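Engineer: Handing over model23.pdb, PDB, C-alpha atoms.
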ATOM      1  CA  MET A 110     162.231  21.269  -1.386
ATOM      2  CA  GLY A 111     159.106  19.950   0.310
ATOM      3  CA  GLU A 112     159.763  19.837   4.007
ATOM      4  CA  SER A 113     161.440  22.802   5.633
ATOM      5  CA  LEU A 114     164.913  22.555   7.053
ATOM      6  CA  GLU A 115     163.379  22.978  10.507
ATOM      7  CA  ALA A 116     161.116  19.974   9.924
ATOM      8  CA  ARG A 117     163.991  17.835   8.670
ATOM      9  CA  PHE A 118     166.221  18.927  11.526
ATOM     10  CA  GLY A 119     163.461  18.180  14.029
ATOM     11  CA  LEU A 120     163.007  14.686  12.640
ATOM     12  CA  ALA A 121     166.737  14.025  12.864
ATOM     13  CA  ILE A 122     166.842  15.137  16.489
ATOM     14  CA  ARG A 123     163.847  12.982  17.304
ATOM     15  CA  ARG A 124     165.392   9.964  15.584
ATOM     16  CA  HIS A 125     168.613  10.324  17.584
ATOM     17  CA  ARG A 126     166.716  10.879  20.825
ATOM     18  CA  GLU A 127     164.512   7.835  20.316
ATOM     19  CA  GLY A 128     167.500   5.786  19.195
ATOM     20  CA  GLN A 129     168.991   6.465  22.599
ATOM     21  CA  GLY A 130     165.776   5.463  24.326
ATOM     22  CA  LEU A 131     165.363   8.944  25.781
ATOM     23  CA  SER A 132     161.937  10.375  26.514
ATOM     24  CA  GLN A 133     161.338  13.916  25.368
ATOM     25  CA  GLU A 134     161.262  14.899  29.026
ATOM     26  CA  ALA A 135     164.565  13.252  29.927
ATOM     27  CA  PHE A 136     166.190  14.714  26.832
ATOM     28  CA  ALA A 137     164.853  18.191  27.574
ATOM     29  CA  ASP A 138     166.329  17.914  31.064
ATOM     30  CA  VAL A 139     169.779  16.968  29.753
ATOM     31  CA  ALA A 140     169.673  19.681  27.099
ATOM     32  CA  GLY A 141     168.489  22.308  29.561
ATOM     33  CA  ILE A 142     165.616  23.240  27.281
ATOM     34  CA  HIS A 143     161.924  23.271  28.154
ATOM     35  CA  ARG A 144     160.118  20.102  27.100
ATOM     36  CA  THR A 145     157.449  21.944  25.123
ATOM     37  CA  TYR A 146     160.197  23.736  23.188
ATOM     38  CA  VAL A 147     161.879  20.412  22.402
ATOM     39  CA  SER A 148     158.504  19.152  21.212
ATOM     40  CA  SER A 149     158.049  22.175  18.928
ATOM     41  CA  ILE A 150     161.553  21.749  17.529
ATOM     42  CA  GLU A 151     161.019  18.052  16.810
ATOM     43  CA  ARG A 152     157.823  18.908  14.948
ATOM     44  CA  GLY A 153     159.580  21.611  12.944
ATOM     45  CA  LYS A 154     157.238  24.250  14.288
ATOM     46  CA  VAL A 155     159.815  26.816  15.345
ATOM     47  CA  GLN A 156     162.928  28.475  14.019
ATOM     48  CA  VAL A 157     166.031  27.025  15.618
ATOM     49  CA  SER A 158     169.188  29.022  16.230
ATOM     50  CA  ILE A 159     172.585  27.450  15.641
ATOM     51  CA  GLY A 160     173.174  27.809  19.402
ATOM     52  CA  ILE A 161     170.135  25.702  20.264
ATOM     53  CA  ALA A 162     171.035  23.196  17.535
ATOM     54  CA  GLN A 163     174.491  22.840  19.064
ATOM     55  CA  GLN A 164     173.007  22.471  22.569
ATOM     56  CA  LEU A 165     170.706  19.666  21.369
ATOM     57  CA  ALA A 166     173.551  17.862  19.600
ATOM     58  CA  GLU A 167     175.718  18.071  22.711
ATOM     59  CA  ALA A 168     172.893  16.679  24.842
ATOM     60  CA  LEU A 169     172.703  13.738  22.423
ATOM     61  CA  GLY A 170     176.482  13.332  22.432
ATOM     62  CA  VAL A 171     176.450  13.550  18.639
ATOM     63  CA  PRO A 172     178.517  16.118  16.728
ATOM     64  CA  LEU A 173     176.215  18.583  15.013
ATOM     65  CA  SER A 174     178.311  18.140  11.854
ATOM     66  CA  ARG A 175     177.176  14.523  11.768
ATOM     67  CA  ILE A 176     173.518  15.484  12.004
ATOM     68  CA  TRP A 177     174.028  17.981   9.137
ATOM     69  CA  ARG A 178     175.731  15.292   7.081
ATOM     70  CA  GLU A 179     172.803  12.943   7.630
ATOM     71  CA  LEU A 180     170.396  15.637   6.475
ATOM     72  CA  GLU A 181     172.549  16.376   3.421
ATOM     73  CA  ARG A 182     172.517  12.699   2.480
ATOM     74  CA  GLU A 183     168.794  12.317   2.928
ATOM     75  CA  PHE A 184     168.002  15.524   1.093
ATOM     76  CA  PRO A 185     170.756  16.094  -1.454
ATOM     77  CA  SER A 186     169.436  19.571  -2.228
ATOM     78  CA  ALA A 187     170.197  20.625   1.350
TER      79      ALA A 187
ATOM     80  CA  MET B  79     184.491  28.523  25.759
ATOM     81  CA  GLY B  80     185.633  32.104  25.141
ATOM     82  CA  GLU B  81     184.117  33.194  21.866
ATOM     83  CA  SER B  82     180.450  32.565  21.279
ATOM     84  CA  LEU B  83     179.275  30.021  18.783
ATOM     85  CA  GLU B  84     177.907  32.878  16.680
ATOM     86  CA  ALA B  85     181.334  34.540  16.626
ATOM     87  CA  ARG B  86     183.064  31.312  15.614
ATOM     88  CA  PHE B  87     180.469  30.587  12.940
ATOM     89  CA  GLY B  88     180.774  34.133  11.618
ATOM     90  CA  LEU B  89     184.547  33.803  11.339
ATOM     91  CA  ALA B  90     184.189  30.529   9.444
ATOM     92  CA  ILE B  91     181.767  32.092   6.983
ATOM     93  CA  ARG B  92     184.062  35.046   6.494
ATOM     94  CA  ARG B  93     187.075  32.802   5.948
ATOM     95  CA  HIS B  94     185.247  30.823   3.265
ATOM     96  CA  ARG B  95     183.911  33.967   1.609
ATOM     97  CA  GLU B  96     187.330  35.613   1.513
ATOM     98  CA  GLY B  97     188.904  32.348   0.356
ATOM     99  CA  GLN B  98     186.656  32.557  -2.668
ATOM    100  CA  GLY B  99     187.596  36.160  -3.295
ATOM    101  CA  LEU B 100     184.029  37.308  -2.753
ATOM    102  CA  SER B 101     183.235  40.744  -1.399
ATOM    103  CA  GLN B 102     180.645  40.904   1.349
ATOM    104  CA  GLU B 103     178.366  42.614  -1.130
ATOM    105  CA  ALA B 104     178.740  40.005  -3.863
ATOM    106  CA  PHE B 105     178.286  37.227  -1.323
ATOM    107  CA  ALA B 106     175.178  38.870   0.153
ATOM    108  CA  ASP B 107     173.730  39.073  -3.352
ATOM    109  CA  VAL B 108     174.305  35.388  -4.043
ATOM    110  CA  ALA B 109     172.945  34.395  -0.629
ATOM    111  CA  GLY B 110     169.907  36.642  -0.987
ATOM    112  CA  ILE B 111     170.624  38.239   2.370
ATOM    113  CA  HIS B 112     171.094  41.936   3.060
ATOM    114  CA  ARG B 113     174.730  42.984   3.185
ATOM    115  CA  THR B 114     174.446  44.572   6.617
ATOM    116  CA  TYR B 115     172.992  41.323   7.939
ATOM    117  CA  VAL B 116     175.891  39.347   6.448
ATOM    118  CA  SER B 117     178.242  41.803   8.126
ATOM    119  CA  SER B 118     176.526  41.307  11.504
ATOM    120  CA  ILE B 119     176.660  37.537  11.108
ATOM    121  CA  GLU B 120     180.363  37.570  10.238
ATOM    122  CA  ARG B 121     181.055  39.656  13.334
ATOM    123  CA  GLY B 122     179.019  37.282  15.509
ATOM    124  CA  LYS B 123     176.669  40.067  16.498
ATOM    125  CA  VAL B 124     173.375  38.308  15.811
ATOM    126  CA  GLN B 125     171.719  34.988  16.434
ATOM    127  CA  VAL B 126     171.673  32.858  13.313
ATOM    128  CA  SER B 127     168.905  30.397  12.500
ATOM    129  CA  ILE B 128     169.760  27.032  10.983
ATOM    130  CA  GLY B 129     167.866  28.166   7.867
ATOM    131  CA  ILE B 130     170.133  31.179   7.398
ATOM    132  CA  ALA B 131     173.212  29.064   8.148
ATOM    133  CA  GLN B 132     172.135  26.659   5.406
ATOM    134  CA  GLN B 133     171.466  29.539   3.002
ATOM    135  CA  LEU B 134     174.965  30.937   3.597
ATOM    136  CA  ALA B 135     176.582  27.527   3.130
ATOM    137  CA  GLU B 136     174.705  27.018  -0.135
ATOM    138  CA  ALA B 137     175.795  30.437  -1.384
ATOM    139  CA  LEU B 138     179.402  29.405  -0.681
ATOM    140  CA  GLY B 139     178.875  26.018  -2.297
ATOM    141  CA  VAL B 140     180.179  24.365   0.863
ATOM    142  CA  PRO B 141     178.139  21.793   2.792
ATOM    143  CA  LEU B 142     177.098  23.117   6.194
ATOM    144  CA  SER B 143     178.363  19.844   7.686
ATOM    145  CA  ARG B 144     181.863  20.729   6.497
ATOM    146  CA  ILE B 145     181.761  24.199   8.020
ATOM    147  CA  TRP B 146     180.556  22.652  11.247
ATOM    148  CA  ARG B 147     183.275  20.004  11.220
ATOM    149  CA  GLU B 148     185.843  22.768  10.898
ATOM    150  CA  LEU B 149     184.358  24.503  13.931
ATOM    151  CA  GLU B 150     184.401  21.266  15.910
ATOM    152  CA  ARG B 151     188.054  20.717  15.057
ATOM    153  CA  GLU B 152     189.086  24.229  15.961
ATOM    154  CA  PHE B 153     187.067  24.231  19.162
ATOM    155  CA  PRO B 154     186.893  20.637  20.389
ATOM    156  CA  SER B 155     184.360  21.647  23.038
ATOM    157  CA  ALA B 156     181.902  22.566  20.293
TER     158      ALA B 156
END
Translate this structure into structure tokens?
Structural biologist:
Amino acid sequence: MGESLEARFGLAIRRHREGQGLSQEAFADVAGIHRTYVSSIERGKVQVSIGIAQQLAEALGVPLSRIWRELEREFPSA
Amino acid sequence: MGESLEARFGLAIRRHREGQGLSQEAFADVAGIHRTYVSSIERGKVQVSIGIAQQLAEALGVPLSRIWRELEREFPSA
């Protein structure tokens, strides 16, 4: 597998956030999550619950199903 | 919102499992997760990490993105 699901998920969130020109701080504010927690998630350093994953996707305005699909395409074993 | 995300996810997992004619026990075996934990997840009684969600989807042979899309369709606020 290589990278953990958390690491791959974190990268996807970061890519979407940066694609929207959002700083980690601004994004954390919108998501209602502490900035250091967002940072840990983006670096794949923490377990992420499906509730937090959904909250992050909503803050990005991207369906979580789309983020999963992107991960499945990038890592077909996922 | 009504039902929690965990409850909705648990129902989706249960629906897929039953649709495949799998007992909770057989499914837990395939997923490599304790049966009582599967039971708690299906009843929406516990937080679920994205890693466990992925593990359950793999055991069902259904992409997690598809399960999530179903949830988004059923609950457009998701």
Engineer: Give as a list in words the residues that the PyMOL selection byres ((chain B) within 9 of (chain A)) matches when applied to the coordinates above.
Structural biologist: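 Selected by the PyMOL selection byres ((chain B) within 9 of (chain A)) in this file: Ser82, Leu83, Glu84, Phe87, Gln125, Val126, Ser127, Ile128, Gly129, Ala131, Gln132, Glu136, Pro141, Leu142, Ser143, Arg144, Ile145, Trp146, Arg147, Glu148, Glu150 and Ala156 of chain B.
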Engineer: Please write as JSON, numbers by chain the full residue list that the PyMOL selection byres ((chain B and resi 97-110) around 9) yields on this file.
Structural biologist: {"B": [92, 93, 94, 95, 96, 111, 112, 113, 114, 115, 116, 117, 133, 134, 135, 136, 137, 138]}
Engineer: Go ahead and write the selection's residues with C-alpha atoms as a PDB file, in the coordinates of the input.
Structural biologist:
ATOM      1  CA  ARG B  92     184.062  35.046   6.494  1.00  0.00           C
ATOM      2  CA  ARG B  93     187.075  32.802   5.948  1.00  0.00           C
ATOM      3  CA  HIS B  94     185.247  30.823   3.265  1.00  0.00           C
ATOM      4  CA  ARG B  95     183.911  33.967   1.609  1.00  0.00           C
ATOM      5  CA  GLU B  96     187.330  35.613   1.513  1.00  0.00           C
ATOM      6  CA  ILE B 111     170.624  38.239   2.370  1.00  0.00           C
ATOM      7  CA  HIS B 112     171.094  41.936   3.060  1.00  0.00           C
ATOM      8  CA  ARG B 113     174.730  42.984   3.185  1.00  0.00           C
ATOM      9  CA  THR B 114     174.446  44.572   6.617  1.00  0.00           C
ATOM     10  CA  TYR B 115     172.992  41.323   7.939  1.00  0.00           C
ATOM     11  CA  VAL B 116     175.891  39.347   6.448  1.00  0.00           C
ATOM     12  CA  SER B 117     178.242  41.803   8.126  1.00  0.00           C
ATOM     13  CA  GLN B 133     171.466  29.539   3.002  1.00  0.00           C
ATOM     14  CA  LEU B 134     174.965  30.937   3.597  1.00  0.00           C
ATOM     15  CA  ALA B 135     176.582  27.527   3.130  1.00  0.00           C
ATOM     16  CA  GLU B 136     174.705  27.018  -0.135  1.00  0.00           C
ATOM     17  CA  ALA B 137     175.795  30.437  -1.384  1.00  0.00           C
ATOM     18  CA  LEU B 138     179.402  29.405  -0.681  1.00  0.00           C
TER      19      LEU B 138
END
Engineer: Put chain A on top of chain B with a least-squares fit on all C-alpha atoms, paired in order, and send it back as a PDB file with C-alpha atoms, in the frame of the given file.
Structural biologist:
ATOM      1  CA  MET A 110     184.301  28.550  25.922  1.00  0.00           C
ATOM      2  CA  GLY A 111     185.530  32.053  25.148  1.00  0.00           C
ATOM      3  CA  GLU A 112     184.043  33.095  21.859  1.00  0.00           C
ATOM      4  CA  SER A 113     180.382  32.418  21.239  1.00  0.00           C
ATOM      5  CA  LEU A 114     179.259  29.924  18.658  1.00  0.00           C
ATOM      6  CA  GLU A 115     177.888  32.841  16.641  1.00  0.00           C
ATOM      7  CA  ALA A 116     181.311  34.503  16.623  1.00  0.00           C
ATOM      8  CA  ARG A 117     183.053  31.295  15.582  1.00  0.00           C
ATOM      9  CA  PHE A 118     180.460  30.598  12.915  1.00  0.00           C
ATOM     10  CA  GLY A 119     180.782  34.151  11.607  1.00  0.00           C
ATOM     11  CA  LEU A 120     184.544  33.818  11.332  1.00  0.00           C
ATOM     12  CA  ALA A 121     184.197  30.551   9.435  1.00  0.00           C
ATOM     13  CA  ILE A 122     181.771  32.099   6.965  1.00  0.00           C
ATOM     14  CA  ARG A 123     184.060  35.066   6.478  1.00  0.00           C
ATOM     15  CA  ARG A 124     187.071  32.812   5.924  1.00  0.00           C
ATOM     16  CA  HIS A 125     185.238  30.822   3.243  1.00  0.00           C
ATOM     17  CA  ARG A 126     183.914  33.975   1.595  1.00  0.00           C
ATOM     18  CA  GLU A 127     187.331  35.616   1.477  1.00  0.00           C
ATOM     19  CA  GLY A 128     188.915  32.368   0.325  1.00  0.00           C
ATOM     20  CA  GLN A 129     186.646  32.562  -2.688  1.00  0.00           C
ATOM     21  CA  GLY A 130     187.601  36.170  -3.311  1.00  0.00           C
ATOM     22  CA  LEU A 131     184.021  37.309  -2.765  1.00  0.00           C
ATOM     23  CA  SER A 132     183.239  40.755  -1.411  1.00  0.00           C
ATOM     24  CA  GLN A 133     180.661  40.913   1.335  1.00  0.00           C
ATOM     25  CA  GLU A 134     178.378  42.634  -1.151  1.00  0.00           C
ATOM     26  CA  ALA A 135     178.745  40.013  -3.877  1.00  0.00           C
ATOM     27  CA  PHE A 136     178.274  37.241  -1.337  1.00  0.00           C
ATOM     28  CA  ALA A 137     175.186  38.893   0.135  1.00  0.00           C
ATOM     29  CA  ASP A 138     173.739  39.103  -3.372  1.00  0.00           C
ATOM     30  CA  VAL A 139     174.308  35.397  -4.051  1.00  0.00           C
ATOM     31  CA  ALA A 140     172.943  34.416  -0.646  1.00  0.00           C
ATOM     32  CA  GLY A 141     169.910  36.661  -1.005  1.00  0.00           C
ATOM     33  CA  ILE A 142     170.619  38.261   2.350  1.00  0.00           C
ATOM     34  CA  HIS A 143     171.093  41.957   3.063  1.00  0.00           C
ATOM     35  CA  ARG A 144     174.743  42.996   3.179  1.00  0.00           C
ATOM     36  CA  THR A 145     174.476  44.580   6.620  1.00  0.00           C
ATOM     37  CA  TYR A 146     173.003  41.326   7.943  1.00  0.00           C
ATOM     38  CA  VAL A 147     175.893  39.352   6.445  1.00  0.00           C
ATOM     39  CA  SER A 148     178.249  41.805   8.125  1.00  0.00           C
ATOM     40  CA  SER A 149     176.543  41.312  11.502  1.00  0.00           C
ATOM     41  CA  ILE A 150     176.669  37.538  11.108  1.00  0.00           C
ATOM     42  CA  GLU A 151     180.370  37.565  10.231  1.00  0.00           C
ATOM     43  CA  ARG A 152     181.059  39.637  13.337  1.00  0.00           C
ATOM     44  CA  GLY A 153     179.025  37.274  15.503  1.00  0.00           C
ATOM     45  CA  LYS A 154     176.680  40.062  16.494  1.00  0.00           C
ATOM     46  CA  VAL A 155     173.392  38.312  15.812  1.00  0.00           C
ATOM     47  CA  GLN A 156     171.717  34.996  16.444  1.00  0.00           C
ATOM     48  CA  VAL A 157     171.683  32.870  13.319  1.00  0.00           C
ATOM     49  CA  SER A 158     168.943  30.383  12.520  1.00  0.00           C
ATOM     50  CA  ILE A 159     169.801  27.021  10.997  1.00  0.00           C
ATOM     51  CA  GLY A 160     167.884  28.169   7.894  1.00  0.00           C
ATOM     52  CA  ILE A 161     170.122  31.198   7.407  1.00  0.00           C
ATOM     53  CA  ALA A 162     173.215  29.094   8.145  1.00  0.00           C
ATOM     54  CA  GLN A 163     172.151  26.660   5.433  1.00  0.00           C
ATOM     55  CA  GLN A 164     171.455  29.526   3.000  1.00  0.00           C
ATOM     56  CA  LEU A 165     174.950  30.957   3.585  1.00  0.00           C
ATOM     57  CA  ALA A 166     176.600  27.560   3.121  1.00  0.00           C
ATOM     58  CA  GLU A 167     174.710  27.001  -0.124  1.00  0.00           C
ATOM     59  CA  ALA A 168     175.767  30.424  -1.397  1.00  0.00           C
ATOM     60  CA  LEU A 169     179.376  29.419  -0.691  1.00  0.00           C
ATOM     61  CA  GLY A 170     178.874  26.022  -2.319  1.00  0.00           C
ATOM     62  CA  VAL A 171     180.162  24.381   0.857  1.00  0.00           C
ATOM     63  CA  PRO A 172     178.143  21.777   2.769  1.00  0.00           C
ATOM     64  CA  LEU A 173     177.134  23.170   6.139  1.00  0.00           C
ATOM     65  CA  SER A 174     178.281  19.879   7.695  1.00  0.00           C
ATOM     66  CA  ARG A 175     181.801  20.728   6.571  1.00  0.00           C
ATOM     67  CA  ILE A 176     181.685  24.146   8.205  1.00  0.00           C
ATOM     68  CA  TRP A 177     180.455  22.511  11.450  1.00  0.00           C
ATOM     69  CA  ARG A 178     183.267  19.979  11.255  1.00  0.00           C
ATOM     70  CA  GLU A 179     185.817  22.761  10.870  1.00  0.00           C
ATOM     71  CA  LEU A 180     184.410  24.505  13.930  1.00  0.00           C
ATOM     72  CA  GLU A 181     184.448  21.252  15.911  1.00  0.00           C
ATOM     73  CA  ARG A 182     188.104  20.732  15.032  1.00  0.00           C
ATOM     74  CA  GLU A 183     189.118  24.253  15.915  1.00  0.00           C
ATOM     75  CA  PHE A 184     187.150  24.267  19.141  1.00  0.00           C
ATOM     76  CA  PRO A 185     187.005  20.693  20.407  1.00  0.00           C
ATOM     77  CA  SER A 186     184.503  21.659  23.097  1.00  0.00           C
ATOM     78  CA  ALA A 187     181.997  22.597  20.389  1.00  0.00           C
TER      79      ALA A 187
END
Engineer: Please compute the CA of Gly139 (chain B)-CA of Ile91 (chain B) distance, one decimal, in Å.
Structural biologist: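 Value for the CA of Gly139 (chain B)-CA of Ile91 (chain B) distance: 11.5 Å.
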Engineer: Please indicate the distance in Å from CA of Arg121 (chain B) to CA of Ile150 (chain A), rounded to one decimal place.
Structural biologist: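 Those two atoms sit 26.8 Å apart.
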Engineer: Between CA of Ala90 (chain B) and CA of Val171 (chain A), what distance in Å does the model show, to one decimal?
Structural biologist: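 Separation of CA of Ala90 (chain B) and CA of Val171 (chain A): 20.8 Å.
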